[in-house]
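For reference, the structure is listed below as structure tokens.
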Amino acid sequence: MTRLPRTSSQPDPAELRAIFGDNLRKLSADYPSVAGLCRDLGINRTQFNRYLTGESFPRPDVLHRICAFFGVDARILLERVDNLTSASYDLLGHPAVAGYFGDGPIDVPHELFPNGFYRFVRRSFIDEDLFVKGLVHVRRDDNYTFLRGFEPREALRSQGLSTNPRDREFRGIVMRQEEGIMLIVSHRQAMSCSFNFLAPETSFQTNLWEGYATRTVREKINGIRATRMVYEHLGTNMSQVLATARLAGLVTLDQVPPFHARLLRLNQPFR
């Protein structure tokens with residue numbers, strides 16, 4: 001087979017290796033130890049030095065590992081890294097947390113936590129003699145499971161906080177866990193958040209989830225930071241949804257459904 005002559009438009013392999021070596025040197029510059037970097041990358045130190053000096057290219061699997069580690073793409077073989085923007089990653093799929101979040105936790109099966117409206121009840125964080133009854137809506141979009149709801153007006157008013165709908169709104173993301181689901185819920189601009197864990201209630205009822213809610217505040221003498229919580233799936237039953245919306249807010253124990261109160265285990269300390 002006749003080898004085609006090299007033209008001016010065809011890149012010189014030595015130049016490409018030099019570009020890659022220079023890029024790798026710049027990407028590694030802020031790393032405190034080359035030996036530690038090689039360990040984290042899983043690359044032999046001698047081989048890594050050959051990449052730096054432009055003596056060789058990495059195998060495709062090694063290149064993928066390098067790109068994922070530094071948050072760039074395979075253009076580092078051809079273009080100066082100064083001219084590249086970082087590879088675009090979804091937050092939960094970012095290389096820094098790859099294998100720790102990713103597709104597994106965000107894949108919440110419908111049968112585990114279906115779409116639709118839910119009513120919830122938990123003890124008030126501020127007044128332990130009162131309970132919060134609320135309504136949230138769960139939907140799926142772009143392979144994620146999202147939650148949206150509004151804080152009860154009187155709960156915010158009693159704390160001297162704004163009751164504007166914009167300030168009352170909260171949203172969250174639902175992720176799968178080994179024994180249930182977790183919900184990370186935030187108000188606008190993430191000024192306050194809560195972490196919730198729910199697992200299916202194991203009795204004959206299939207529309208109930210029990211767990212707990214915690215809020216991201218420092219420890220105080222008054223008030224609590226964690227309490228049990230119950231979710232009940234209403235689906236698209238609008239009569240129940242509207243009834244729940246009308247009764248949402250701060251309530252006393254006698255206004256909590258008996259079975260919900262039983263799941264809250266009010267006579268047992270939260271552990």
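Every chain in the structure tokens takes a letter, A first, then B, and so on in the order presented; its residues are numbered from 1, and the ligands are numbered from 1 following the presented order.
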
Could you list, with a cut-off of 10 Å and counting only C-alpha atoms, the residues of segment 29-125 of chain A near segment 168-189 of chain A, each shown with its nearest atom pair and the distance in Å rounded to one decimal, rows sorted by chain and ascending number, as JSON lines?
{"residue": "A:Phe101", "atom": "CA", "partner": "A:Met175", "partner_atom": "CA", "distance": 9.2}
{"residue": "A:Asp103", "atom": "CA", "partner": "A:Met175", "partner_atom": "CA", "distance": 9.8}
{"residue": "A:Gly104", "atom": "CA", "partner": "A:Arg176", "partner_atom": "CA", "distance": 7.5}
{"residue": "A:Pro105", "atom": "CA", "partner": "A:Arg176", "partner_atom": "CA", "distance": 4.6}
{"residue": "A:Ile106", "atom": "CA", "partner": "A:Met175", "partner_atom": "CA", "distance": 4.8}
{"residue": "A:Asp107", "atom": "CA", "partner": "A:Arg176", "partner_atom": "CA", "distance": 6.7}
{"residue": "A:Val108", "atom": "CA", "partner": "A:Arg176", "partner_atom": "CA", "distance": 5.4}
{"residue": "A:Pro109", "atom": "CA", "partner": "A:Arg176", "partner_atom": "CA", "distance": 8.4}
{"residue": "A:Leu112", "atom": "CA", "partner": "A:Gly180", "partner_atom": "CA", "distance": 7.7}
{"residue": "A:Phe113", "atom": "CA", "partner": "A:Ile181", "partner_atom": "CA", "distance": 8.0}

Please produce an output containing C-alpha atoms for each residue in the selection, written as a PDB file, in the first residue's frame.
ATOM      1  CA  PHE A 101     -24.251   9.970  42.851  1.00  0.00           C
ATOM      2  CA  ASP A 103     -27.724   7.641  37.540  1.00  0.00           C
ATOM      3  CA  GLY A 104     -28.259   5.225  40.436  1.00  0.00           C
ATOM      4  CA  PRO A 105     -29.644   7.570  43.107  1.00  0.00           C
ATOM      5  CA  ILE A 106     -31.580   9.803  40.690  1.00  0.00           C
ATOM      6  CA  ASP A 107     -33.386   6.827  39.128  1.00  0.00           C
ATOM      7  CA  VAL A 108     -36.445   6.745  41.409  1.00  0.00           C
ATOM      8  CA  PRO A 109     -38.917   4.080  40.180  1.00  0.00           C
ATOM      9  CA  LEU A 112     -41.267   3.395  44.846  1.00  0.00           C
ATOM     10  CA  PHE A 113     -42.482   7.004  44.855  1.00  0.00           C
TER      11      PHE A 113
END

For the contact check between segment 76-194 of chain A and segment 245-268 of chain A, emit one row per residue of segment 76-194 of chain A within 6 Å, containing the shortest atom pair and the distance in Å rounded to one decimal, counting only C-alpha atoms, chain then rising number order, as a Markdown table.
| residue | atom | partner | partner_atom | distance |
| --- | --- | --- | --- | --- |
| A:Leu130 | CA | A:Thr252 | CA | 5.1 |
| A:Phe131 | CA | A:Val251 | CA | 5.2 |
| A:Val132 | CA | A:Leu250 | CA | 4.8 |
| A:Lys133 | CA | A:Ala248 | CA | 5.0 |
| A:Gly134 | CA | A:Ala248 | CA | 4.9 |
| A:Pro152 | CA | A:Gly249 | CA | 4.7 |

| request: Write out as a PyMOL selection string all residues of segment 211-250 of chain A that backbone DSSP assigns to strand (DSSP E). | output: chain A and resi 211-215+226-235+249-250

Those selected residues, please, written with N, CA and C atoms and delivered as a CSV table (one decimal), in the first residue's frame.
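What ended up in result.csv:
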chain,number,residue,atom,x,y,z
A,211,GLY,N,-40.9,8.4,57.8
A,211,GLY,CA,-39.5,8.8,57.9
A,211,GLY,C,-39.3,9.9,58.8
A,212,TYR,N,-38.4,10.8,58.4
A,212,TYR,CA,-38.1,12.0,59.3
A,212,TYR,C,-37.7,13.2,58.4
A,213,ALA,N,-37.7,14.3,59.0
A,213,ALA,CA,-37.2,15.6,58.4
A,213,ALA,C,-36.2,16.3,59.3
A,214,THR,N,-35.2,16.8,58.8
A,214,THR,CA,-34.2,17.6,59.5
A,214,THR,C,-34.0,18.9,58.9
A,215,ARG,N,-33.7,19.9,59.6
A,215,ARG,CA,-33.5,21.3,59.0
A,215,ARG,C,-32.1,21.7,59.3
A,226,ALA,N,-34.9,17.9,64.2
A,226,ALA,CA,-35.3,16.6,63.5
A,226,ALA,C,-36.5,16.1,64.1
A,227,THR,N,-37.4,15.5,63.3
A,227,THR,CA,-38.6,15.0,63.8
A,227,THR,C,-39.2,14.0,62.7
A,228,ARG,N,-40.0,13.1,63.2
A,228,ARG,CA,-40.6,12.1,62.3
A,228,ARG,C,-41.6,12.7,61.4
A,229,MET,N,-41.9,12.1,60.2
A,229,MET,CA,-42.8,12.7,59.2
A,229,MET,C,-43.5,11.5,58.5
A,230,VAL,N,-44.7,11.8,58.1
A,230,VAL,CA,-45.5,10.8,57.3
A,230,VAL,C,-46.0,11.5,56.0
A,231,TYR,N,-45.8,10.8,54.9
A,231,TYR,CA,-46.3,11.2,53.6
A,231,TYR,C,-47.5,10.3,53.2
A,232,GLU,N,-48.5,10.8,52.6
A,232,GLU,CA,-49.6,10.0,52.1
A,232,GLU,C,-49.9,10.4,50.6
A,233,HIS,N,-49.8,9.5,49.7
A,233,HIS,CA,-50.0,9.7,48.3
A,233,HIS,C,-51.5,9.9,48.0
A,234,LEU,N,-51.8,11.1,47.4
A,234,LEU,CA,-53.2,11.4,47.0
A,234,LEU,C,-53.3,11.2,45.5
A,235,GLY,N,-52.3,11.2,44.8
A,235,GLY,CA,-52.3,11.0,43.3
A,235,GLY,C,-52.9,12.3,42.7
A,249,GLY,N,-51.6,23.7,57.4
A,249,GLY,CA,-51.1,24.7,58.3
A,249,GLY,C,-50.7,24.1,59.6
A,250,LEU,N,-50.6,24.9,60.7
A,250,LEU,CA,-50.3,24.4,62.0
A,250,LEU,C,-51.6,23.9,62.7

| Hey, which of A:Ser192, A:Ile43, A:Gly36, A:Asp22 ends up closest to Arg218 of chain A? Count only C-alpha atoms. |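 The closest residue to Arg218 of chain A is A:Ser192.
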
| Which of segment 56-142 of chain A counts as alpha helix (DSSP H) under DSSP, as an MDAnalysis selection string please? | chainID A and resid 60:70 103:106

Please, could you write that set of residues out with C-alpha atoms as an mmCIF file, in the first residue's frame?
data_model
loop_
_atom_site.group_PDB
_atom_site.id
_atom_site.type_symbol
_atom_site.label_atom_id
_atom_site.label_comp_id
_atom_site.auth_asym_id
_atom_site.auth_seq_id
_atom_site.Cartn_x
_atom_site.Cartn_y
_atom_site.Cartn_z
ATOM 1 C CA PRO A 60 -8.307 5.569 25.123
ATOM 2 C CA ASP A 61 -9.302 4.251 28.562
ATOM 3 C CA VAL A 62 -6.452 6.158 30.239
ATOM 4 C CA LEU A 63 -7.325 9.307 28.295
ATOM 5 C CA HIS A 64 -10.932 9.010 29.481
ATOM 6 C CA ARG A 65 -9.691 8.714 33.071
ATOM 7 C CA ILE A 66 -7.506 11.810 32.706
ATOM 8 C CA CYS A 67 -10.305 13.867 31.124
ATOM 9 C CA ALA A 68 -12.816 12.827 33.795
ATOM 10 C CA PHE A 69 -10.354 13.648 36.581
ATOM 11 C CA PHE A 70 -9.583 17.174 35.324
ATOM 12 C CA ASP A 103 -27.724 7.641 37.540
ATOM 13 C CA GLY A 104 -28.259 5.225 40.436
ATOM 14 C CA PRO A 105 -29.644 7.570 43.107
ATOM 15 C CA ILE A 106 -31.580 9.803 40.690
#

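Going from atom CA of Ser124 of chain A over to atom CA of Ile224 of chain A, you cover 8.2 Å.
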
| field | Computed interatomic separation between atom CA of Leu92 of chain A and atom CA of Asn44 of chain A (Å) | value |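 Pair atom CA of Leu92 of chain A / atom CA of Asn44 of chain A returns 29.1 Å.
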